[in-house]
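File shown: coords.cif (mmCIF, N, CA and C atoms).
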data_work
#
loop_
_atom_site.label_atom_id
_atom_site.label_comp_id
_atom_site.auth_asym_id
_atom_site.auth_seq_id
_atom_site.Cartn_x
_atom_site.Cartn_y
_atom_site.Cartn_z
N GLN A 1 -4.73 4.03 -36.80
CA GLN A 1 -5.23 4.44 -35.50
C GLN A 1 -6.71 4.76 -35.62
N VAL A 2 -7.45 4.57 -34.50
CA VAL A 2 -8.88 4.84 -34.51
C VAL A 2 -9.30 5.25 -33.10
N GLN A 3 -10.16 6.25 -33.02
CA GLN A 3 -10.79 6.61 -31.74
C GLN A 3 -12.21 6.06 -31.72
N LEU A 4 -12.61 5.57 -30.55
CA LEU A 4 -13.92 4.96 -30.39
C LEU A 4 -14.69 5.68 -29.29
N VAL A 5 -15.95 5.99 -29.54
CA VAL A 5 -16.78 6.66 -28.54
C VAL A 5 -18.08 5.88 -28.37
N GLU A 6 -18.28 5.35 -27.17
CA GLU A 6 -19.51 4.61 -26.88
C GLU A 6 -20.59 5.55 -26.36
N SER A 7 -21.82 5.15 -26.57
CA SER A 7 -22.97 5.89 -26.02
C SER A 7 -24.15 4.94 -25.91
N GLY A 8 -25.18 5.40 -25.20
CA GLY A 8 -26.40 4.62 -25.09
C GLY A 8 -26.62 3.95 -23.75
N GLY A 9 -25.63 3.99 -22.88
CA GLY A 9 -25.81 3.38 -21.56
C GLY A 9 -26.84 4.15 -20.75
N ASP A 10 -27.51 3.42 -19.85
CA ASP A 10 -28.57 4.06 -19.06
C ASP A 10 -28.96 3.13 -17.92
N LEU A 11 -29.88 3.62 -17.09
CA LEU A 11 -30.51 2.81 -16.06
C LEU A 11 -31.80 2.22 -16.65
N VAL A 12 -31.95 0.91 -16.55
CA VAL A 12 -33.10 0.25 -17.14
C VAL A 12 -33.59 -0.83 -16.18
N GLN A 13 -34.88 -1.11 -16.21
CA GLN A 13 -35.44 -2.14 -15.34
C GLN A 13 -35.16 -3.54 -15.92
N PRO A 14 -35.12 -4.55 -15.07
CA PRO A 14 -34.97 -5.91 -15.59
C PRO A 14 -36.03 -6.23 -16.63
N GLY A 15 -35.60 -6.91 -17.69
CA GLY A 15 -36.50 -7.21 -18.80
C GLY A 15 -36.52 -6.15 -19.88
N GLY A 16 -35.90 -5.02 -19.62
CA GLY A 16 -35.88 -3.93 -20.57
C GLY A 16 -34.82 -4.09 -21.65
N SER A 17 -34.74 -3.08 -22.51
CA SER A 17 -33.81 -3.11 -23.64
C SER A 17 -33.02 -1.81 -23.72
N LEU A 18 -31.83 -1.94 -24.28
CA LEU A 18 -30.99 -0.78 -24.59
C LEU A 18 -30.24 -1.07 -25.88
N ARG A 19 -29.88 -0.02 -26.58
CA ARG A 19 -28.98 -0.17 -27.73
C ARG A 19 -27.78 0.72 -27.51
N LEU A 20 -26.62 0.09 -27.46
CA LEU A 20 -25.36 0.81 -27.34
C LEU A 20 -24.79 1.08 -28.73
N SER A 21 -24.13 2.23 -28.85
CA SER A 21 -23.47 2.60 -30.10
C SER A 21 -21.99 2.83 -29.86
N CYS A 22 -21.19 2.51 -30.85
CA CYS A 22 -19.75 2.76 -30.81
C CYS A 22 -19.38 3.45 -32.11
N ALA A 23 -19.12 4.74 -32.03
CA ALA A 23 -18.78 5.52 -33.21
C ALA A 23 -17.27 5.59 -33.37
N ALA A 24 -16.80 5.26 -34.57
CA ALA A 24 -15.36 5.27 -34.86
C ALA A 24 -14.97 6.54 -35.59
N SER A 25 -13.71 6.94 -35.42
CA SER A 25 -13.22 8.18 -36.02
C SER A 25 -12.79 8.01 -37.47
N ARG A 26 -12.83 6.79 -37.96
CA ARG A 26 -12.45 6.52 -39.34
C ARG A 26 -13.31 5.40 -39.87
N SER A 27 -13.14 5.10 -41.13
CA SER A 27 -13.89 4.02 -41.75
C SER A 27 -13.63 2.69 -41.04
N ILE A 28 -14.69 1.94 -40.81
CA ILE A 28 -14.52 0.64 -40.15
C ILE A 28 -14.63 -0.51 -41.13
N SER A 29 -14.85 -0.22 -42.39
CA SER A 29 -15.09 -1.28 -43.36
C SER A 29 -13.91 -2.23 -43.50
N SER A 30 -12.71 -1.75 -43.23
CA SER A 30 -11.52 -2.58 -43.36
C SER A 30 -11.04 -3.15 -42.03
N ILE A 31 -11.70 -2.79 -40.95
CA ILE A 31 -11.26 -3.28 -39.63
C ILE A 31 -11.66 -4.75 -39.48
N ALA A 32 -10.69 -5.57 -39.13
CA ALA A 32 -10.90 -7.02 -39.14
C ALA A 32 -12.00 -7.47 -38.19
N ALA A 33 -12.01 -6.89 -36.99
CA ALA A 33 -13.02 -7.30 -36.02
C ALA A 33 -13.27 -6.15 -35.05
N MET A 34 -14.51 -6.02 -34.64
CA MET A 34 -14.89 -5.05 -33.61
C MET A 34 -15.76 -5.78 -32.59
N GLY A 35 -15.65 -5.34 -31.36
CA GLY A 35 -16.37 -6.08 -30.34
C GLY A 35 -16.78 -5.23 -29.16
N TRP A 36 -17.50 -5.89 -28.29
CA TRP A 36 -17.94 -5.28 -27.03
C TRP A 36 -17.45 -6.14 -25.86
N TYR A 37 -16.99 -5.45 -24.84
CA TYR A 37 -16.61 -6.07 -23.58
C TYR A 37 -17.37 -5.35 -22.46
N ARG A 38 -17.36 -5.93 -21.29
CA ARG A 38 -17.98 -5.27 -20.14
C ARG A 38 -17.19 -5.58 -18.88
N GLN A 39 -17.30 -4.66 -17.93
CA GLN A 39 -16.61 -4.84 -16.65
C GLN A 39 -17.54 -4.41 -15.53
N ALA A 40 -17.89 -5.38 -14.70
CA ALA A 40 -18.73 -5.13 -13.54
C ALA A 40 -17.83 -4.75 -12.35
N PRO A 41 -18.38 -4.05 -11.36
CA PRO A 41 -17.57 -3.64 -10.20
C PRO A 41 -16.92 -4.85 -9.53
N GLY A 42 -15.62 -4.75 -9.30
CA GLY A 42 -14.90 -5.81 -8.62
C GLY A 42 -14.60 -7.03 -9.47
N LYS A 43 -14.91 -6.96 -10.77
CA LYS A 43 -14.68 -8.11 -11.65
C LYS A 43 -13.76 -7.74 -12.81
N GLN A 44 -13.20 -8.76 -13.45
CA GLN A 44 -12.36 -8.52 -14.61
C GLN A 44 -13.21 -8.18 -15.83
N ARG A 45 -12.58 -7.50 -16.78
CA ARG A 45 -13.27 -7.19 -18.01
C ARG A 45 -13.59 -8.49 -18.74
N GLU A 46 -14.80 -8.57 -19.26
CA GLU A 46 -15.32 -9.80 -19.88
C GLU A 46 -15.70 -9.53 -21.32
N TRP A 47 -15.32 -10.44 -22.21
CA TRP A 47 -15.73 -10.34 -23.62
C TRP A 47 -17.22 -10.62 -23.72
N VAL A 48 -17.93 -9.85 -24.56
CA VAL A 48 -19.37 -10.00 -24.73
C VAL A 48 -19.72 -10.46 -26.14
N ALA A 49 -19.20 -9.76 -27.14
CA ALA A 49 -19.57 -10.07 -28.52
C ALA A 49 -18.54 -9.52 -29.48
N THR A 50 -18.44 -10.17 -30.65
CA THR A 50 -17.55 -9.73 -31.71
C THR A 50 -18.26 -9.83 -33.04
N ILE A 51 -17.93 -8.89 -33.93
CA ILE A 51 -18.39 -8.98 -35.31
C ILE A 51 -17.19 -8.76 -36.22
N THR A 52 -17.01 -9.64 -37.19
CA THR A 52 -15.87 -9.53 -38.09
C THR A 52 -16.20 -8.66 -39.30
N ARG A 53 -15.16 -8.40 -40.08
CA ARG A 53 -15.35 -7.63 -41.31
C ARG A 53 -16.34 -8.32 -42.24
N ALA A 54 -16.36 -9.63 -42.20
CA ALA A 54 -17.27 -10.39 -43.06
C ALA A 54 -18.68 -10.46 -42.48
N GLY A 55 -18.85 -9.96 -41.26
CA GLY A 55 -20.18 -9.97 -40.65
C GLY A 55 -20.46 -11.15 -39.74
N THR A 56 -19.45 -11.97 -39.51
CA THR A 56 -19.63 -13.11 -38.61
C THR A 56 -19.74 -12.62 -37.17
N GLU A 57 -20.74 -13.12 -36.46
CA GLU A 57 -20.99 -12.71 -35.09
C GLU A 57 -20.65 -13.84 -34.11
N ASP A 58 -20.25 -13.46 -32.92
CA ASP A 58 -20.00 -14.43 -31.87
C ASP A 58 -20.32 -13.78 -30.54
N TYR A 59 -20.80 -14.60 -29.59
CA TYR A 59 -21.28 -14.08 -28.31
C TYR A 59 -20.84 -14.97 -27.16
N VAL A 60 -20.66 -14.36 -26.01
CA VAL A 60 -20.48 -15.14 -24.80
C VAL A 60 -21.81 -15.84 -24.50
N ASP A 61 -21.74 -17.03 -23.93
CA ASP A 61 -22.96 -17.83 -23.72
C ASP A 61 -24.03 -17.08 -22.93
N SER A 62 -23.62 -16.28 -21.97
CA SER A 62 -24.59 -15.64 -21.08
C SER A 62 -25.48 -14.61 -21.77
N VAL A 63 -25.11 -14.18 -22.98
CA VAL A 63 -25.94 -13.17 -23.69
C VAL A 63 -26.54 -13.72 -24.98
N LYS A 64 -26.22 -14.94 -25.34
CA LYS A 64 -26.76 -15.51 -26.59
C LYS A 64 -28.28 -15.53 -26.54
N GLY A 65 -28.89 -15.07 -27.64
CA GLY A 65 -30.34 -15.02 -27.71
C GLY A 65 -30.93 -13.74 -27.15
N ARG A 66 -30.11 -12.94 -26.46
CA ARG A 66 -30.60 -11.68 -25.89
C ARG A 66 -29.92 -10.46 -26.51
N PHE A 67 -28.65 -10.58 -26.83
CA PHE A 67 -27.88 -9.46 -27.39
C PHE A 67 -27.60 -9.71 -28.87
N THR A 68 -27.53 -8.62 -29.63
CA THR A 68 -27.19 -8.71 -31.05
C THR A 68 -26.20 -7.61 -31.39
N ILE A 69 -25.06 -8.00 -31.96
CA ILE A 69 -24.07 -7.04 -32.42
C ILE A 69 -24.26 -6.81 -33.91
N SER A 70 -24.07 -5.57 -34.34
CA SER A 70 -24.19 -5.26 -35.76
C SER A 70 -23.25 -4.10 -36.09
N ARG A 71 -23.01 -3.91 -37.37
CA ARG A 71 -22.14 -2.82 -37.80
C ARG A 71 -22.76 -2.12 -39.00
N ASP A 72 -22.62 -0.80 -39.03
CA ASP A 72 -23.06 0.00 -40.15
C ASP A 72 -21.82 0.70 -40.71
N ASN A 73 -21.26 0.14 -41.75
CA ASN A 73 -20.02 0.68 -42.30
C ASN A 73 -20.21 2.10 -42.83
N ALA A 74 -21.39 2.42 -43.32
CA ALA A 74 -21.64 3.75 -43.85
C ALA A 74 -21.59 4.82 -42.76
N LYS A 75 -21.94 4.43 -41.53
CA LYS A 75 -21.93 5.36 -40.40
C LYS A 75 -20.71 5.16 -39.50
N ASN A 76 -19.84 4.23 -39.86
CA ASN A 76 -18.65 3.95 -39.04
C ASN A 76 -19.04 3.63 -37.60
N THR A 77 -20.08 2.86 -37.44
CA THR A 77 -20.65 2.61 -36.11
C THR A 77 -20.95 1.12 -35.92
N VAL A 78 -20.67 0.66 -34.72
CA VAL A 78 -21.03 -0.69 -34.30
C VAL A 78 -22.06 -0.57 -33.18
N TYR A 79 -23.03 -1.46 -33.20
CA TYR A 79 -24.12 -1.41 -32.22
C TYR A 79 -24.15 -2.69 -31.39
N LEU A 80 -24.73 -2.57 -30.21
CA LEU A 80 -25.04 -3.74 -29.39
C LEU A 80 -26.48 -3.58 -28.91
N GLN A 81 -27.38 -4.34 -29.51
CA GLN A 81 -28.77 -4.34 -29.08
C GLN A 81 -28.90 -5.34 -27.94
N MET A 82 -29.38 -4.86 -26.81
CA MET A 82 -29.48 -5.70 -25.61
C MET A 82 -30.95 -5.78 -25.20
N ASN A 83 -31.49 -6.98 -25.23
CA ASN A 83 -32.88 -7.24 -24.84
C ASN A 83 -32.92 -8.14 -23.61
N SER A 84 -34.07 -8.17 -22.97
CA SER A 84 -34.27 -9.03 -21.78
C SER A 84 -33.14 -8.84 -20.78
N LEU A 85 -32.85 -7.61 -20.48
CA LEU A 85 -31.72 -7.31 -19.60
C LEU A 85 -31.95 -7.84 -18.19
N LYS A 86 -30.84 -8.26 -17.58
CA LYS A 86 -30.86 -8.82 -16.24
C LYS A 86 -29.95 -7.98 -15.33
N PRO A 87 -30.18 -8.02 -14.02
CA PRO A 87 -29.30 -7.28 -13.12
C PRO A 87 -27.82 -7.65 -13.30
N GLU A 88 -27.54 -8.89 -13.64
CA GLU A 88 -26.15 -9.30 -13.83
C GLU A 88 -25.52 -8.74 -15.10
N ASP A 89 -26.30 -8.06 -15.93
CA ASP A 89 -25.73 -7.37 -17.10
C ASP A 89 -25.18 -5.99 -16.72
N THR A 90 -25.40 -5.58 -15.48
CA THR A 90 -24.90 -4.28 -15.03
C THR A 90 -23.38 -4.24 -15.11
N ALA A 91 -22.87 -3.23 -15.82
CA ALA A 91 -21.43 -3.11 -16.03
C ALA A 91 -21.14 -1.85 -16.85
N VAL A 92 -19.87 -1.53 -16.94
CA VAL A 92 -19.43 -0.55 -17.93
C VAL A 92 -19.11 -1.34 -19.21
N TYR A 93 -19.70 -0.90 -20.30
CA TYR A 93 -19.53 -1.59 -21.58
C TYR A 93 -18.54 -0.81 -22.44
N TYR A 94 -17.56 -1.56 -22.97
CA TYR A 94 -16.49 -0.98 -23.78
C TYR A 94 -16.53 -1.55 -25.18
N CYS A 95 -16.28 -0.68 -26.14
CA CYS A 95 -16.14 -1.09 -27.52
C CYS A 95 -14.65 -1.25 -27.83
N ASN A 96 -14.29 -2.20 -28.69
CA ASN A 96 -12.91 -2.26 -29.12
C ASN A 96 -12.81 -2.59 -30.61
N ALA A 97 -11.66 -2.27 -31.15
CA ALA A 97 -11.39 -2.51 -32.56
C ALA A 97 -9.99 -3.09 -32.71
N ASN A 98 -9.90 -4.13 -33.51
CA ASN A 98 -8.61 -4.77 -33.78
C ASN A 98 -8.14 -4.29 -35.15
N VAL A 99 -7.13 -3.43 -35.14
CA VAL A 99 -6.62 -2.83 -36.38
C VAL A 99 -5.18 -3.27 -36.56
N MET A 100 -4.98 -4.18 -37.46
CA MET A 100 -3.62 -4.69 -37.76
C MET A 100 -2.93 -5.12 -36.48
N ALA A 101 -3.65 -5.91 -35.69
CA ALA A 101 -3.15 -6.54 -34.47
C ALA A 101 -2.97 -5.56 -33.31
N ILE A 102 -3.39 -4.32 -33.48
CA ILE A 102 -3.40 -3.36 -32.38
C ILE A 102 -4.85 -3.19 -31.94
N VAL A 103 -5.09 -3.28 -30.64
CA VAL A 103 -6.44 -3.19 -30.11
C VAL A 103 -6.68 -1.80 -29.53
N TYR A 104 -7.73 -1.17 -29.98
CA TYR A 104 -8.11 0.16 -29.49
C TYR A 104 -9.39 0.04 -28.68
N TRP A 105 -9.51 0.89 -27.64
CA TRP A 105 -10.66 0.85 -26.74
C TRP A 105 -11.32 2.22 -26.66
N GLY A 106 -12.63 2.19 -26.43
CA GLY A 106 -13.34 3.41 -26.09
C GLY A 106 -13.29 3.65 -24.60
N GLN A 107 -14.00 4.70 -24.16
CA GLN A 107 -13.95 5.09 -22.75
C GLN A 107 -15.00 4.38 -21.91
N GLY A 108 -15.95 3.74 -22.56
CA GLY A 108 -16.98 2.98 -21.86
C GLY A 108 -18.26 3.75 -21.64
N THR A 109 -19.35 2.99 -21.48
CA THR A 109 -20.66 3.56 -21.18
C THR A 109 -21.32 2.68 -20.12
N GLN A 110 -21.93 3.30 -19.12
CA GLN A 110 -22.47 2.57 -17.98
C GLN A 110 -23.87 2.04 -18.28
N VAL A 111 -24.06 0.76 -18.03
CA VAL A 111 -25.38 0.13 -18.11
C VAL A 111 -25.73 -0.39 -16.73
N THR A 112 -26.87 0.05 -16.21
CA THR A 112 -27.32 -0.40 -14.90
C THR A 112 -28.71 -0.99 -15.05
N VAL A 113 -28.86 -2.23 -14.61
CA VAL A 113 -30.15 -2.92 -14.69
C VAL A 113 -30.65 -3.11 -13.27
N SER A 114 -31.71 -2.38 -12.92
CA SER A 114 -32.18 -2.39 -11.54
C SER A 114 -33.61 -1.88 -11.49
N LEU A 115 -34.33 -2.31 -10.44
CA LEU A 115 -35.69 -1.82 -10.25
C LEU A 115 -35.67 -0.37 -9.77
#
I need this file expressed as structure tokens, please.
Amino acid sequence: QVQLVESGGDLVQPGGSLRLSCAASRSISSIAAMGWYRQAPGKQREWVATITRAGTEDYVDSVKGRFTISRDNAKNTVYLQMNSLKPEDTAVYYCNANVMAIVYWGQGTQVTVSL
């Protein structure tokens, strides 16, 4: 079992940057994959990025080249660096962890991109 706590969401202007953090309650070094999802108002939750235990990264096409996922096993934390933000990136961002085929979620952090 693992608890996840996201932070770093904020109001930012288009073109700006944010870094989201996902702190885990236990060591993440053995967790097979951790990822970020987002949910905009009135829309379904959407996968954004994943990083595996081996460090392999994958992204939805709409954020490729702008977002970077990373993990710091020593701090039990996964990050999402978001650059060149657009209004359509506005959403609640959720962290998740796949632990032995069970998926755990955090409570989410709000990102708003607006003038």
Worksheet entry | Separation of CA of Gly108 in chain A from CA of Leu4 in chain A, in Å and rounded to one decimal |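 About the pair CA of Gly108 in chain A and CA of Leu4 in chain A: they are 9.3 Å apart.
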Item to complete: Rank A:Gln107, A:Val99, A:Gln1, A:Asp89 by their smallest atom-to-atom distance to Ser17 in chain A, using only C-alpha atoms, and report the top residue only.
Response: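 Among A:Gln107, A:Val99, A:Gln1, A:Asp89, it is A:Asp89 that comes nearest to Ser17 in chain A.
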For a quick check of your reading of the model, name the residues lying within 5 Å of the coordinate (-19.7, 0.4, -17.4), counting all atoms listed in the file, and write them as a PDB file with N, CA and C atoms, in the frame of the given file.
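part_36.pdb, freshly written:
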ATOM      1  N   ALA A  91     -22.870  -3.230 -15.820  1.00  0.00           N
ATOM      2  CA  ALA A  91     -21.430  -3.110 -16.030  1.00  0.00           C
ATOM      3  C   ALA A  91     -21.140  -1.850 -16.850  1.00  0.00           C
ATOM      4  N   VAL A  92     -19.870  -1.530 -16.940  1.00  0.00           N
ATOM      5  CA  VAL A  92     -19.430  -0.550 -17.930  1.00  0.00           C
ATOM      6  C   VAL A  92     -19.110  -1.340 -19.210  1.00  0.00           C
ATOM      7  N   TYR A  93     -19.700  -0.900 -20.300  1.00  0.00           N
ATOM      8  CA  TYR A  93     -19.530  -1.590 -21.580  1.00  0.00           C
ATOM      9  C   TYR A  93     -18.540  -0.810 -22.440  1.00  0.00           C
ATOM     10  N   THR A 109     -19.350   2.990 -21.480  1.00  0.00           N
ATOM     11  CA  THR A 109     -20.660   3.560 -21.180  1.00  0.00           C
ATOM     12  C   THR A 109     -21.320   2.680 -20.120  1.00  0.00           C
ATOM     13  N   GLN A 110     -21.930   3.300 -19.120  1.00  0.00           N
ATOM     14  CA  GLN A 110     -22.470   2.570 -17.980  1.00  0.00           C
ATOM     15  C   GLN A 110     -23.870   2.040 -18.280  1.00  0.00           C
ATOM     16  N   VAL A 111     -24.060   0.760 -18.030  1.00  0.00           N
ATOM     17  CA  VAL A 111     -25.380   0.130 -18.110  1.00  0.00           C
ATOM     18  C   VAL A 111     -25.730  -0.390 -16.730  1.00  0.00           C
TER      19      VAL A 111
END
Worksheet entry | Hits from the PyMOL selection byres ((chain A and resi 82) around 5), listed as a list in words |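 Evaluating the PyMOL selection byres ((chain A and resi 82) around 5) on these coordinates yields Ser17, Leu18, Arg19, Arg66, Phe67, Leu80, Gln81, Asn83 and Ser84 of chain A.
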Item to complete: Take the PyMOL selection byres ((chain A and resi 36) around 7), apply it to the structure above, and return the hits as number ranges by chain.
Response: A: 34-35, 37-38, 46-51, 93-96
Counting all atoms listed in the file, what are the residues of range 30-89 of chain A within 6 Å of range 6-14 of chain A, and for each of them which pair of atoms is the nearest and at what distance in Å, to one decimal? Sort the table by chain and rising number, as CSV.
residue,atom,partner,partner_atom,distance
A:Ser84,C,A:Pro14,C,5.7
A:Leu85,C,A:Pro14,CA,4.4
A:Lys86,CA,A:Pro14,CA,5.1
A:Pro87,N,A:Pro14,CA,5.5
Expected file contents, prior selection, N, CA and C atoms, as a PDB file, in the coordinates of the input:
ATOM      1  N   SER A  84     -34.070  -8.170 -22.970  1.00  0.00           N
ATOM      2  CA  SER A  84     -34.270  -9.030 -21.780  1.00  0.00           C
ATOM      3  C   SER A  84     -33.140  -8.840 -20.780  1.00  0.00           C
ATOM      4  N   LEU A  85     -32.850  -7.610 -20.480  1.00  0.00           N
ATOM      5  CA  LEU A  85     -31.720  -7.310 -19.600  1.00  0.00           C
ATOM      6  C   LEU A  85     -31.950  -7.840 -18.190  1.00  0.00           C
ATOM      7  N   LYS A  86     -30.840  -8.260 -17.580  1.00  0.00           N
ATOM      8  CA  LYS A  86     -30.860  -8.820 -16.240  1.00  0.00           C
ATOM      9  C   LYS A  86     -29.950  -7.980 -15.330  1.00  0.00           C
ATOM     10  N   PRO A  87     -30.180  -8.020 -14.020  1.00  0.00           N
ATOM     11  CA  PRO A  87     -29.300  -7.280 -13.120  1.00  0.00           C
ATOM     12  C   PRO A  87     -27.820  -7.650 -13.300  1.00  0.00           C
TER      13      PRO A  87
END
Practice prompt. Could you check how far CA of Asp58 in chain A sits from CA of Leu115 in chain A, in Å to one decimal?
Written response: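 Value for the CA of Asp58 in chain A-CA of Leu115 in chain A distance: 29.5 Å.
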Worksheet entry | Point (-9.0, 6.6, -37.3) neighbourhood (8 Å, only C-alpha atoms) written as a list in words |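 Result, sorted by chain then residue number: Gln1, Val2, Gln3, Ala24, Ser25, Arg26 and Ser27 of chain A.
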Item to complete: Using the chain letters and residue numbers of this document, give as a PyMOL selection string the residues selected by the PyMOL selection byres ((chain A and resi 54-56) around 8).
Response: chain A and resi 29+31-33+50-53+57-59+70-71
How would the residues just picked look written out with N, CA and C atoms as a PDB file, in the frame of the given file?
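Output below, filename part.pdb:
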ATOM      1  N   SER A  29     -14.850  -0.220 -42.390  1.00  0.00           N
ATOM      2  CA  SER A  29     -15.090  -1.280 -43.360  1.00  0.00           C
ATOM      3  C   SER A  29     -13.910  -2.230 -43.500  1.00  0.00           C
ATOM      4  N   ILE A  31     -11.700  -2.790 -40.950  1.00  0.00           N
ATOM      5  CA  ILE A  31     -11.260  -3.280 -39.630  1.00  0.00           C
ATOM      6  C   ILE A  31     -11.660  -4.750 -39.480  1.00  0.00           C
ATOM      7  N   ALA A  32     -10.690  -5.570 -39.130  1.00  0.00           N
ATOM      8  CA  ALA A  32     -10.900  -7.020 -39.140  1.00  0.00           C
ATOM      9  C   ALA A  32     -12.000  -7.470 -38.190  1.00  0.00           C
ATOM     10  N   ALA A  33     -12.010  -6.890 -36.990  1.00  0.00           N
ATOM     11  CA  ALA A  33     -13.020  -7.300 -36.020  1.00  0.00           C
ATOM     12  C   ALA A  33     -13.270  -6.150 -35.050  1.00  0.00           C
ATOM     13  N   THR A  50     -18.440 -10.170 -30.650  1.00  0.00           N
ATOM     14  CA  THR A  50     -17.550  -9.730 -31.710  1.00  0.00           C
ATOM     15  C   THR A  50     -18.260  -9.830 -33.040  1.00  0.00           C
ATOM     16  N   ILE A  51     -17.930  -8.890 -33.930  1.00  0.00           N
ATOM     17  CA  ILE A  51     -18.390  -8.980 -35.310  1.00  0.00           C
ATOM     18  C   ILE A  51     -17.190  -8.760 -36.220  1.00  0.00           C
ATOM     19  N   THR A  52     -17.010  -9.640 -37.190  1.00  0.00           N
ATOM     20  CA  THR A  52     -15.870  -9.530 -38.090  1.00  0.00           C
ATOM     21  C   THR A  52     -16.200  -8.660 -39.300  1.00  0.00           C
ATOM     22  N   ARG A  53     -15.160  -8.400 -40.080  1.00  0.00           N
ATOM     23  CA  ARG A  53     -15.350  -7.630 -41.310  1.00  0.00           C
ATOM     24  C   ARG A  53     -16.340  -8.320 -42.240  1.00  0.00           C
ATOM     25  N   GLU A  57     -20.740 -13.120 -36.460  1.00  0.00           N
ATOM     26  CA  GLU A  57     -20.990 -12.710 -35.090  1.00  0.00           C
ATOM     27  C   GLU A  57     -20.650 -13.840 -34.110  1.00  0.00           C
ATOM     28  N   ASP A  58     -20.250 -13.460 -32.920  1.00  0.00           N
ATOM     29  CA  ASP A  58     -20.000 -14.430 -31.870  1.00  0.00           C
ATOM     30  C   ASP A  58     -20.320 -13.780 -30.540  1.00  0.00           C
ATOM     31  N   TYR A  59     -20.800 -14.600 -29.590  1.00  0.00           N
ATOM     32  CA  TYR A  59     -21.280 -14.080 -28.310  1.00  0.00           C
ATOM     33  C   TYR A  59     -20.840 -14.970 -27.160  1.00  0.00           C
ATOM     34  N   SER A  70     -24.070  -5.570 -34.340  1.00  0.00           N
ATOM     35  CA  SER A  70     -24.190  -5.260 -35.760  1.00  0.00           C
ATOM     36  C   SER A  70     -23.250  -4.100 -36.090  1.00  0.00           C
ATOM     37  N   ARG A  71     -23.010  -3.910 -37.370  1.00  0.00           N
ATOM     38  CA  ARG A  71     -22.140  -2.820 -37.800  1.00  0.00           C
ATOM     39  C   ARG A  71     -22.760  -2.120 -39.000  1.00  0.00           C
TER      40      ARG A  71
END
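Candidate residues A:Gly15, A:Ala101, A:Val63, A:Ala23 were compared for distance to Thr77 in chain A, and the nearest is A:Ala23, using only C-alpha atoms.
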Worksheet entry | strand (DSSP E or B) residues, from DSSP on the backbone, in chain A, as a ChimeraX atom specification | /A:4-7,11-12,18-24,33-39,46-52,57-59,67-72,77-82,91-99,102-105,109-113
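A straight line drawn from CA of Trp105 in chain A to CA of Gln44 in chain A is 15.4 Å long.
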Practice prompt. Would you please work out which residue, of A:Lys75, A:Val5, A:Ile102, A:Glu88, is nearest to Ala40 in chain A when using only C-alpha atoms?
Written response: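 Looking at the shortest contact to Ala40 in chain A, the residue is A:Glu88.
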Fill in: Those of chain A in DSSP helix (DSSP H, G or I), formatted as a list in words
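Helix (DSSP H, G or I) assignments inside chain A correspond to Asp61, Ser62, Val63, Asn73, Ala74, Lys75, Pro87, Glu88 and Asp89 of chain A.
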Fill in: Residue nearest Ser21 in chain A - candidates A:Gly65, A:Tyr79, A:Gln39, A:Ala74, atoms counted: only C-alpha atoms
A:Tyr79
Working from the structure I just supplied, which lacks atoms in range 91-100 of chain A, can you model N, CA, C and O atoms there and output them as a PDB file, in the coordinates of the input?
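Generated output (out_36.pdb):
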ATOM      1  N   ALA A  91     -22.870  -3.230 -15.820  1.00  0.00           N
ATOM      2  CA  ALA A  91     -21.430  -3.110 -16.030  1.00  0.00           C
ATOM      3  C   ALA A  91     -21.140  -1.850 -16.850  1.00  0.00           C
ATOM      4  O   ALA A  91     -22.070  -1.245 -17.401  1.00  0.00           O
ATOM      5  N   VAL A  92     -19.870  -1.530 -16.940  1.00  0.00           N
ATOM      6  CA  VAL A  92     -19.430  -0.550 -17.930  1.00  0.00           C
ATOM      7  C   VAL A  92     -19.110  -1.340 -19.210  1.00  0.00           C
ATOM      8  O   VAL A  92     -18.364  -2.310 -19.165  1.00  0.00           O
ATOM      9  N   TYR A  93     -19.700  -0.900 -20.300  1.00  0.00           N
ATOM     10  CA  TYR A  93     -19.530  -1.590 -21.580  1.00  0.00           C
ATOM     11  C   TYR A  93     -18.540  -0.810 -22.440  1.00  0.00           C
ATOM     12  O   TYR A  93     -18.672   0.405 -22.627  1.00  0.00           O
ATOM     13  N   TYR A  94     -17.560  -1.560 -22.970  1.00  0.00           N
ATOM     14  CA  TYR A  94     -16.490  -0.980 -23.780  1.00  0.00           C
ATOM     15  C   TYR A  94     -16.530  -1.550 -25.180  1.00  0.00           C
ATOM     16  O   TYR A  94     -16.726  -2.756 -25.373  1.00  0.00           O
ATOM     17  N   CYS A  95     -16.280  -0.680 -26.140  1.00  0.00           N
ATOM     18  CA  CYS A  95     -16.140  -1.090 -27.520  1.00  0.00           C
ATOM     19  C   CYS A  95     -14.650  -1.250 -27.830  1.00  0.00           C
ATOM     20  O   CYS A  95     -13.819  -0.500 -27.266  1.00  0.00           O
ATOM     21  N   ASN A  96     -14.290  -2.200 -28.690  1.00  0.00           N
ATOM     22  CA  ASN A  96     -12.910  -2.260 -29.120  1.00  0.00           C
ATOM     23  C   ASN A  96     -12.810  -2.590 -30.610  1.00  0.00           C
ATOM     24  O   ASN A  96     -13.768  -3.069 -31.224  1.00  0.00           O
ATOM     25  N   ALA A  97     -11.660  -2.270 -31.150  1.00  0.00           N
ATOM     26  CA  ALA A  97     -11.390  -2.510 -32.560  1.00  0.00           C
ATOM     27  C   ALA A  97      -9.990  -3.090 -32.710  1.00  0.00           C
ATOM     28  O   ALA A  97      -9.041  -2.586 -32.105  1.00  0.00           O
ATOM     29  N   ASN A  98      -9.900  -4.130 -33.510  1.00  0.00           N
ATOM     30  CA  ASN A  98      -8.610  -4.770 -33.780  1.00  0.00           C
ATOM     31  C   ASN A  98      -8.140  -4.290 -35.150  1.00  0.00           C
ATOM     32  O   ASN A  98      -8.686  -4.692 -36.172  1.00  0.00           O
ATOM     33  N   VAL A  99      -7.130  -3.430 -35.140  1.00  0.00           N
ATOM     34  CA  VAL A  99      -6.620  -2.830 -36.380  1.00  0.00           C
ATOM     35  C   VAL A  99      -5.180  -3.270 -36.560  1.00  0.00           C
ATOM     36  O   VAL A  99      -4.289  -2.787 -35.835  1.00  0.00           O
ATOM     37  N   MET A 100      -4.980  -4.180 -37.460  1.00  0.00           N
ATOM     38  CA  MET A 100      -3.620  -4.690 -37.760  1.00  0.00           C
ATOM     39  C   MET A 100      -2.930  -5.120 -36.480  1.00  0.00           C
ATOM     40  O   MET A 100      -1.775  -4.742 -36.217  1.00  0.00           O
TER      41      MET A 100
END
